[in-house]
Amino acid sequence: MRKPDFDGGAPMLDKQGHLKKDLSTHDLGRIGLEDTAYIKTVTLNGQKFHAIHAADGTPLTVVNERDLAFATVRQHNMLPASVH
């Protein structure tokens, strides 16, 4: 897992040192959100599958087993998160 990267780009902290509330997708990626992938159950052609999406919503792949979805995410050094 990457450590948060607070250098470079626009400042992510306000004057009090708190994380700003209006961070861009790029900013969120810089603090580690790109290390998370979301798994959502979907139905395609009447069959249940498990879609894997990047934190920004980009579709990555679809697999037929939930356990395989979580294993696939972990195999790529990312944290899986279930979306309902």
# chains A, B, ... in the order shown; residues from 1 in each chain; ligands from 1
>>> residues_around(residues="Ile39 in chain A", least_positions_apart="3", cutoff="6 Å", atoms="only C-alpha atoms", output="PyMOL selection string")
chain A and resi 51-52+82-83
>>> residues_around(residues="Pro80 in chain A", least_positions_apart="3", cutoff="9 Å", atoms="only C-alpha atoms", output="ChimeraX atom specification")
/A:35-39,52,69-74
>>> closest_residue(among="A:Thr41, A:Glu34, A:Gln16, A:Leu79", to="Asn64 in chain A", atoms="only C-alpha atoms")
A:Thr41
>>> atom_distance(atom1="CA of Met78 in chain A", atom2="CA of Asp56 in chain A")
13.7 Å
